[in-house]
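Colleague: Below are the structure tokens for one structure; questions will follow.
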Amino acid sequence: MASSSTSVVVSNKEKENKNTKKVTLKSSDGESFEVDESVAMESQTIKHIIEDGCANNEIPLPNVTSGILSRVIEYCKKHKEAAGESEPSVTSYTSNSTTNPLTEWDTEFVKVDQNTLFDLILAANYLDIKGLLDLTCKTVADMMKGKTPQEIRETFHIKNDYTPEEEAEVRKENQWAFE
Amino acid sequence: MEKMMVLQKTPKRQKIELSVDAKDWISELPESIKQRILFFLPPKDAARTTIVSKMWQQAWKSLRSVHFDFQNIHGSFFESQDSEPEDVKLEKFMNFVDKTLQILHEEMVIIQKFILPMSLTDAKHTSYGKIIQEIVCRCPMLEELEISCCSRVDYLQLLNLPKLKKAEFDSCLTIKINEAPNLQILSGTGIVRSLLLDMSTSENVKKLKIGYVGISRHYLEELNSRFPLLETLQMQPSNLPEIKISHHRLEKFKLFINGDTILQIDCKNLSSYAYLGSHIPSLSINSSRLQKSQNLISIHYPLDTSWFLKLRQYLGNFKQTVVLED
């Protein structure tokens with residue numbers, strides 16, 4: 001992957017390259033990132049800004065830091081490339097790795113510390129990137145799967161605000177889950 | 001300046017720094033995101049989070065009441081401007097539904113209420129019933145089912161829905177439901193030719209509403225044995241000159257009928273009776289608990305004495321005074 005060239009070719013498949021318009025995204029800490037418009041439009045939020053004609057110079061993203069934004073852009077680029085090969089699917093995630101060629105890449109992508117994961121979730125939510133939101137949420141879910149409630153609390157540092165009586169009552173309500 | 005690789009950022013950036021270890025960031029996520037996380041968990045795991053903390057119980061509770069209403073999505077598939085033929089649009093919509101449900105099935109998400117609008121007019125109807133069956137098959141924990149479609153689904157078979165409580169069908173010709181022992185409310189309105197339930201399904205039904213269906217006498221004769229727990233019955237039979245309802249538990253009965261009929265009701269628990277029809281039925285009713293009755297009879301002119309006599313005889317069945325309205 002070319003790392004120092006200043007001109008960017010997002011997709012090697014030339015068929016969709018009639019549009020090499022660029023946009024500049026500005027993170028909360030003042031860094032600017034220039035990306036292909038089509039990549040940026042993976043974010044529905046950015047898409048609406050562009051379509052509404054409000055993206056003159058830069059699109060400020062006050063809720064996203066540069067570290068997270070760079071990762072998000074990486075995600076969008078990768079997924080845009082892959083989408084260029086096949087018909088855009090309605091759901092950009094599946095749990096079936098044979099249909100999603102990016103599963104391995106995605107898995108590596110989310111191997112980050114909890115803080116970063118948290119930031120990615122919020123960024124994906126704010127930028128409205130469904131695939132990324134689902135990927136990150138699924139990652140969190142996978143971290144919870146199979147754990148006892150106490151283990152979940154420990155993993156995520158959640159405070160138990162139930163009294164023993166309250167807890168017993170809730171257990172009873174969903175008895176089937178605890179059998 | 002462009003970043004093509006992820007750079008390791010130094011912690012000097014201006015950000016409210018979360019102390020890496022001790023912060024419970026996950027509970028502070030917006031509820032919709034918490035729900036999305038729960039969405040990806042198998043049902044047992046998701047339910048277990050209810051005792052993690054009160055916030056998570058809240059998220060779970062509101063998740064469970066999420067129901068699948070494909071109405072909005074349906075619109076976006078069919079109202080698009082392109083000139084694709086109807087069945088191609090249907091195919092795409094169905095693929096979308098199928099894909100969504102497949103994912104949910106693999107993730108074992110619980111769908112409580114399922115609303116699938118099918119208001120397609122001239123699309124081919126050959127496999128609607130099958131499509132619906134496929135979809136419903138993938139929802140083993142389904143609790144409520146409502147199908148309102150054009151009268152093109154001729155045969156619909158639903159099996160093994162242990163949690164199904166409520167099922168409503170509009171204009172499906174033949175409906176067969178087996179192994180849904182928790183079914184309490186069943187409604188088949190519009191043109192329904194036959195409603196077939198096996199014993200395990202019908203024995204818990206409390207409320208039954210049957211539309212313009214060709215009910216046979218035989219079916220009614222078996223009412224008591226087929227639907228022992230029935231409390232409410234509403235019927236709109238198409239052609240039944242003689243209607244005999246005998247049930248030990250029925251509390252509410254409502255009948256819509258066009259045409260002359262002989263009505264015999266033997267339900268000792270009946271407390272509410274309603275009749276809407278074009279003719280005055282010959283009624284013999286045996287129910288000591290009857291408290292409320294409602295009659296709406298359309299009047300055909302000319303009215304003659306025999307009509308009034310009939311009316312008087314009919315009204316004699318009801319103890320309290322009845323107000324006659326035009």
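Starting from 1 in every chain, residues are counted up; chains themselves are A, B, ... following the order of the structure tokens, and ligands are numbered from 1 as listed.
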If we count only C-alpha atoms and set the cut-off at 7 Å, which residues sit around B:Ile243, ignoring sequence neighbours fewer than 2 positions away in its own chain? Please answer as a VMD selection string.
Modeller: chain B and resid 240 to 241 245 262 to 264
Colleague: Print the selection's residues with N, CA and C atoms to a file, as a PDB file, in the first residue's frame.
Modeller:
```pdb
ATOM      1  N   LEU B 240     -74.701 -19.975   6.594  1.00  0.00           N
ATOM      2  CA  LEU B 240     -75.006 -20.967   7.611  1.00  0.00           C
ATOM      3  C   LEU B 240     -76.428 -20.725   8.081  1.00  0.00           C
ATOM      4  N   PRO B 241     -77.349 -21.463   7.558  1.00  0.00           N
ATOM      5  CA  PRO B 241     -78.734 -21.193   7.915  1.00  0.00           C
ATOM      6  C   PRO B 241     -79.069 -21.533   9.370  1.00  0.00           C
ATOM      7  N   ILE B 245     -74.558 -22.785  18.883  1.00  0.00           N
ATOM      8  CA  ILE B 245     -73.341 -22.594  19.663  1.00  0.00           C
ATOM      9  C   ILE B 245     -73.568 -23.161  21.047  1.00  0.00           C
ATOM     10  N   ILE B 262     -81.191 -19.420  11.902  1.00  0.00           N
ATOM     11  CA  ILE B 262     -81.757 -19.914  13.147  1.00  0.00           C
ATOM     12  C   ILE B 262     -80.616 -20.035  14.128  1.00  0.00           C
ATOM     13  N   LEU B 263     -80.777 -19.337  15.201  1.00  0.00           N
ATOM     14  CA  LEU B 263     -79.657 -19.234  16.133  1.00  0.00           C
ATOM     15  C   LEU B 263     -80.013 -19.929  17.442  1.00  0.00           C
ATOM     16  N   GLN B 264     -79.157 -20.810  17.807  1.00  0.00           N
ATOM     17  CA  GLN B 264     -79.396 -21.518  19.069  1.00  0.00           C
ATOM     18  C   GLN B 264     -78.174 -21.371  19.937  1.00  0.00           C
TER      19      GLN B 264
END
```
Colleague: When you get a sec, could you note down which chain A residues fall within 8 Å of chain B, using only C-alpha atoms, as a ChimeraX atom specification?
Modeller: /A:3,6,29,32-35,67,70-71,74,90-91,94-95,115,118,122,134,137-138,140-142,144-150,152-153,156-162,167,170-171,174,176-178
Colleague: So which residues touch A:Ala40 within 9 Å, counting only C-alpha atoms, skipping near sequence neighbours fewer than 2 positions away, as a ChimeraX atom specification?
Modeller: /A:22-25,35-38,42-44,46-47,73,76-77
Colleague: What is the distance between atom CA of A:Val72 and atom CA of A:Leu120, in Å to one decimal?
Modeller: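 Between atom CA of A:Val72 and atom CA of A:Leu120 the gap is 7.5 Å.
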Colleague: Counting only C-alpha atoms, which residue out of B:Asn258, B:Gln294, B:Ser202, B:Gln234 sits closest to B:Ser187?
Modeller: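 Among B:Asn258, B:Gln294, B:Ser202, B:Gln234, it is B:Gln234 that comes nearest to B:Ser187.
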Colleague: State, in Å with one decimal place, the distance from atom CA of A:Leu132 to atom CA of A:Tyr75.
Modeller: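 Between atom CA of A:Leu132 and atom CA of A:Tyr75 the gap is 7.6 Å.
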Colleague: Write out as an MDAnalysis selection string the residues lying within 6 Å of stretch 188-192 of chain B, counting only C-alpha atoms and excluding same-chain residues fewer than 6 positions away.
Modeller: chainID B and resid 168:173 210:213
Colleague: Export, as a JSON list (two decimals), in the first residue's frame, the selected residues with N, CA, C and O atoms.
Modeller:
```json
[["chain", "number", "residue", "atom", "x", "y", "z"],
["B", 168, "GLU", "N", -53.11, -13.04, 13.91],
["B", 168, "GLU", "CA", -54.18, -12.39, 13.16],
["B", 168, "GLU", "C", -53.92, -12.51, 11.68],
["B", 168, "GLU", "O", -52.83, -12.19, 11.21],
["B", 169, "PHE", "N", -54.88, -12.97, 10.97],
["B", 169, "PHE", "CA", -54.71, -13.12, 9.52],
["B", 169, "PHE", "C", -55.84, -12.39, 8.82],
["B", 169, "PHE", "O", -56.98, -12.48, 9.23],
["B", 170, "ASP", "N", -55.51, -11.74, 7.75],
["B", 170, "ASP", "CA", -56.55, -11.10, 6.98],
["B", 170, "ASP", "C", -56.48, -11.62, 5.56],
["B", 170, "ASP", "O", -55.46, -11.50, 4.90],
["B", 171, "SER", "N", -57.56, -12.19, 5.13],
["B", 171, "SER", "CA", -57.64, -12.66, 3.75],
["B", 171, "SER", "C", -56.59, -13.67, 3.34],
["B", 171, "SER", "O", -55.93, -13.51, 2.32],
["B", 172, "CYS", "N", -56.42, -14.66, 4.12],
["B", 172, "CYS", "CA", -55.62, -15.80, 3.68],
["B", 172, "CYS", "C", -56.60, -16.95, 3.58],
["B", 172, "CYS", "O", -57.34, -17.20, 4.53],
["B", 173, "LEU", "N", -56.62, -17.64, 2.52],
["B", 173, "LEU", "CA", -57.70, -18.59, 2.32],
["B", 173, "LEU", "C", -57.69, -19.76, 3.28],
["B", 173, "LEU", "O", -58.69, -20.06, 3.92],
["B", 210, "ILE", "N", -63.58, -15.04, 13.65],
["B", 210, "ILE", "CA", -63.53, -15.66, 12.32],
["B", 210, "ILE", "C", -64.30, -14.80, 11.35],
["B", 210, "ILE", "O", -65.47, -14.50, 11.56],
["B", 211, "GLY", "N", -63.66, -14.43, 10.29],
["B", 211, "GLY", "CA", -64.28, -13.56, 9.31],
["B", 211, "GLY", "C", -65.21, -14.29, 8.37],
["B", 211, "GLY", "O", -65.88, -15.23, 8.76],
["B", 212, "TYR", "N", -65.18, -13.86, 7.17],
["B", 212, "TYR", "CA", -66.13, -14.37, 6.19],
["B", 212, "TYR", "C", -65.76, -15.78, 5.78],
["B", 212, "TYR", "O", -65.27, -16.02, 4.70],
["B", 213, "VAL", "N", -65.95, -16.65, 6.65],
["B", 213, "VAL", "CA", -65.43, -17.98, 6.39],
["B", 213, "VAL", "C", -66.54, -18.98, 6.24],
["B", 213, "VAL", "O", -67.62, -18.85, 6.82]]
```
Colleague: Mind pulling up the distance from atom CA of B:Glu144 to atom CA of B:Lys166?
Modeller: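 For atom CA of B:Lys166 relative to atom CA of B:Glu144, the distance reads 4.6 Å.
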Colleague: Run DSSP on the backbone of this structure and report the residues of stretch 228-309 of chain B it assigns to strand (DSSP E or B), as a PyMOL selection string.
Modeller: chain B and resi 232-237+242-246+252-257+262-266+272-277+282-286+292-297
Colleague: With a distance cut-off of 6 Å and only C-alpha atoms, select the neighbouring residues of B:Glu203, excluding the residue or stretch itself and same-chain residues fewer than 4 positions from it, and output the selection as a PyMOL selection string.
Modeller: chain B and resi 199+227-228
Colleague: Selected residues, N, CA, C and O atoms, written as a compact mmCIF listing (two decimals), in the first residue's frame, please.
Modeller:
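After the write, part.txt holds the following:
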```
# COMPACT_ATOMS: atom_id res chain seq x y z
N MET B 199 -55.24 -30.07 17.90
CA MET B 199 -55.82 -30.00 19.24
C MET B 199 -54.92 -29.23 20.22
O MET B 199 -55.39 -28.42 21.01
N PHE B 227 -62.17 -26.02 21.40
CA PHE B 227 -61.71 -24.79 22.07
C PHE B 227 -62.28 -24.74 23.48
O PHE B 227 -63.14 -23.91 23.78
N PRO B 228 -61.81 -25.59 24.33
CA PRO B 228 -62.43 -25.67 25.66
C PRO B 228 -62.29 -24.40 26.49
O PRO B 228 -63.12 -24.15 27.35
```
Colleague: Can you tell me which residues surround B:Glu242 at a distance of at most 12 Å, considering only C-alpha atoms, apart from same-chain residues fewer than 3 positions away, and format the answer as a PDB file with N, CA and C atoms, in the first residue's frame?
Modeller:
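See around-v4.pdb below for the written result:
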```
ATOM      1  N   ILE B 215     -67.699 -21.582   7.571  1.00  0.00           N
ATOM      2  CA  ILE B 215     -67.682 -22.486   8.730  1.00  0.00           C
ATOM      3  C   ILE B 215     -68.754 -23.532   8.539  1.00  0.00           C
ATOM      4  N   SER B 216     -68.444 -24.703   8.891  1.00  0.00           N
ATOM      5  CA  SER B 216     -69.458 -25.734   8.761  1.00  0.00           C
ATOM      6  C   SER B 216     -70.105 -25.981  10.112  1.00  0.00           C
ATOM      7  N   ARG B 217     -71.245 -26.577  10.028  1.00  0.00           N
ATOM      8  CA  ARG B 217     -71.955 -26.941  11.261  1.00  0.00           C
ATOM      9  C   ARG B 217     -71.090 -27.849  12.109  1.00  0.00           C
ATOM     10  N   HIS B 218     -70.451 -28.692  11.417  1.00  0.00           N
ATOM     11  CA  HIS B 218     -69.575 -29.677  12.055  1.00  0.00           C
ATOM     12  C   HIS B 218     -68.537 -28.993  12.918  1.00  0.00           C
ATOM     13  N   LEU B 220     -68.758 -26.051  14.230  1.00  0.00           N
ATOM     14  CA  LEU B 220     -69.372 -25.454  15.405  1.00  0.00           C
ATOM     15  C   LEU B 220     -69.737 -26.505  16.451  1.00  0.00           C
ATOM     16  N   GLU B 221     -70.145 -27.637  15.958  1.00  0.00           N
ATOM     17  CA  GLU B 221     -70.500 -28.685  16.903  1.00  0.00           C
ATOM     18  C   GLU B 221     -69.321 -29.060  17.764  1.00  0.00           C
ATOM     19  N   PRO B 237     -70.073 -15.781   9.466  1.00  0.00           N
ATOM     20  CA  PRO B 237     -70.145 -16.900   8.526  1.00  0.00           C
ATOM     21  C   PRO B 237     -70.838 -16.494   7.238  1.00  0.00           C
ATOM     22  N   SER B 238     -70.466 -17.120   6.164  1.00  0.00           N
ATOM     23  CA  SER B 238     -71.042 -16.706   4.894  1.00  0.00           C
ATOM     24  C   SER B 238     -72.378 -17.362   4.634  1.00  0.00           C
ATOM     25  N   ASN B 239     -72.438 -18.602   4.940  1.00  0.00           N
ATOM     26  CA  ASN B 239     -73.684 -19.253   4.597  1.00  0.00           C
ATOM     27  C   ASN B 239     -74.008 -20.354   5.585  1.00  0.00           C
ATOM     28  N   ILE B 245     -74.558 -22.785  18.883  1.00  0.00           N
ATOM     29  CA  ILE B 245     -73.341 -22.594  19.663  1.00  0.00           C
ATOM     30  C   ILE B 245     -73.568 -23.161  21.047  1.00  0.00           C
ATOM     31  N   ILE B 257     -74.132 -11.391  10.346  1.00  0.00           N
ATOM     32  CA  ILE B 257     -74.602 -12.321   9.321  1.00  0.00           C
ATOM     33  C   ILE B 257     -75.588 -11.674   8.381  1.00  0.00           C
ATOM     34  N   GLY B 259     -78.522 -12.574   5.912  1.00  0.00           N
ATOM     35  CA  GLY B 259     -79.358 -13.713   5.557  1.00  0.00           C
ATOM     36  C   GLY B 259     -80.079 -14.230   6.782  1.00  0.00           C
ATOM     37  N   ASP B 260     -81.026 -15.031   6.516  1.00  0.00           N
ATOM     38  CA  ASP B 260     -81.844 -15.567   7.579  1.00  0.00           C
ATOM     39  C   ASP B 260     -81.118 -16.677   8.307  1.00  0.00           C
ATOM     40  N   THR B 261     -81.322 -16.721   9.572  1.00  0.00           N
ATOM     41  CA  THR B 261     -80.644 -17.791  10.286  1.00  0.00           C
ATOM     42  C   THR B 261     -81.407 -18.196  11.544  1.00  0.00           C
ATOM     43  N   ILE B 262     -81.191 -19.420  11.902  1.00  0.00           N
ATOM     44  CA  ILE B 262     -81.757 -19.914  13.147  1.00  0.00           C
ATOM     45  C   ILE B 262     -80.616 -20.035  14.128  1.00  0.00           C
ATOM     46  N   LEU B 263     -80.777 -19.337  15.201  1.00  0.00           N
ATOM     47  CA  LEU B 263     -79.657 -19.234  16.133  1.00  0.00           C
ATOM     48  C   LEU B 263     -80.013 -19.929  17.442  1.00  0.00           C
ATOM     49  N   GLN B 264     -79.157 -20.810  17.807  1.00  0.00           N
ATOM     50  CA  GLN B 264     -79.396 -21.518  19.069  1.00  0.00           C
ATOM     51  C   GLN B 264     -78.174 -21.371  19.937  1.00  0.00           C
ATOM     52  N   ILE B 265     -78.360 -20.759  21.059  1.00  0.00           N
ATOM     53  CA  ILE B 265     -77.184 -20.538  21.888  1.00  0.00           C
ATOM     54  C   ILE B 265     -77.373 -21.180  23.240  1.00  0.00           C
ATOM     55  N   PRO B 281     -83.018 -12.998  13.453  1.00  0.00           N
ATOM     56  CA  PRO B 281     -82.845 -14.445  13.572  1.00  0.00           C
ATOM     57  C   PRO B 281     -83.908 -15.043  14.480  1.00  0.00           C
ATOM     58  N   SER B 282     -84.146 -16.301  14.253  1.00  0.00           N
ATOM     59  CA  SER B 282     -84.962 -17.015  15.231  1.00  0.00           C
ATOM     60  C   SER B 282     -84.006 -17.453  16.299  1.00  0.00           C
ATOM     61  N   LEU B 283     -84.220 -16.937  17.445  1.00  0.00           N
ATOM     62  CA  LEU B 283     -83.219 -17.163  18.471  1.00  0.00           C
ATOM     63  C   LEU B 283     -83.769 -17.955  19.628  1.00  0.00           C
ATOM     64  N   SER B 284     -83.028 -18.935  20.005  1.00  0.00           N
ATOM     65  CA  SER B 284     -83.343 -19.529  21.288  1.00  0.00           C
ATOM     66  C   SER B 284     -82.051 -19.540  22.077  1.00  0.00           C
TER      67      SER B 284
END
```
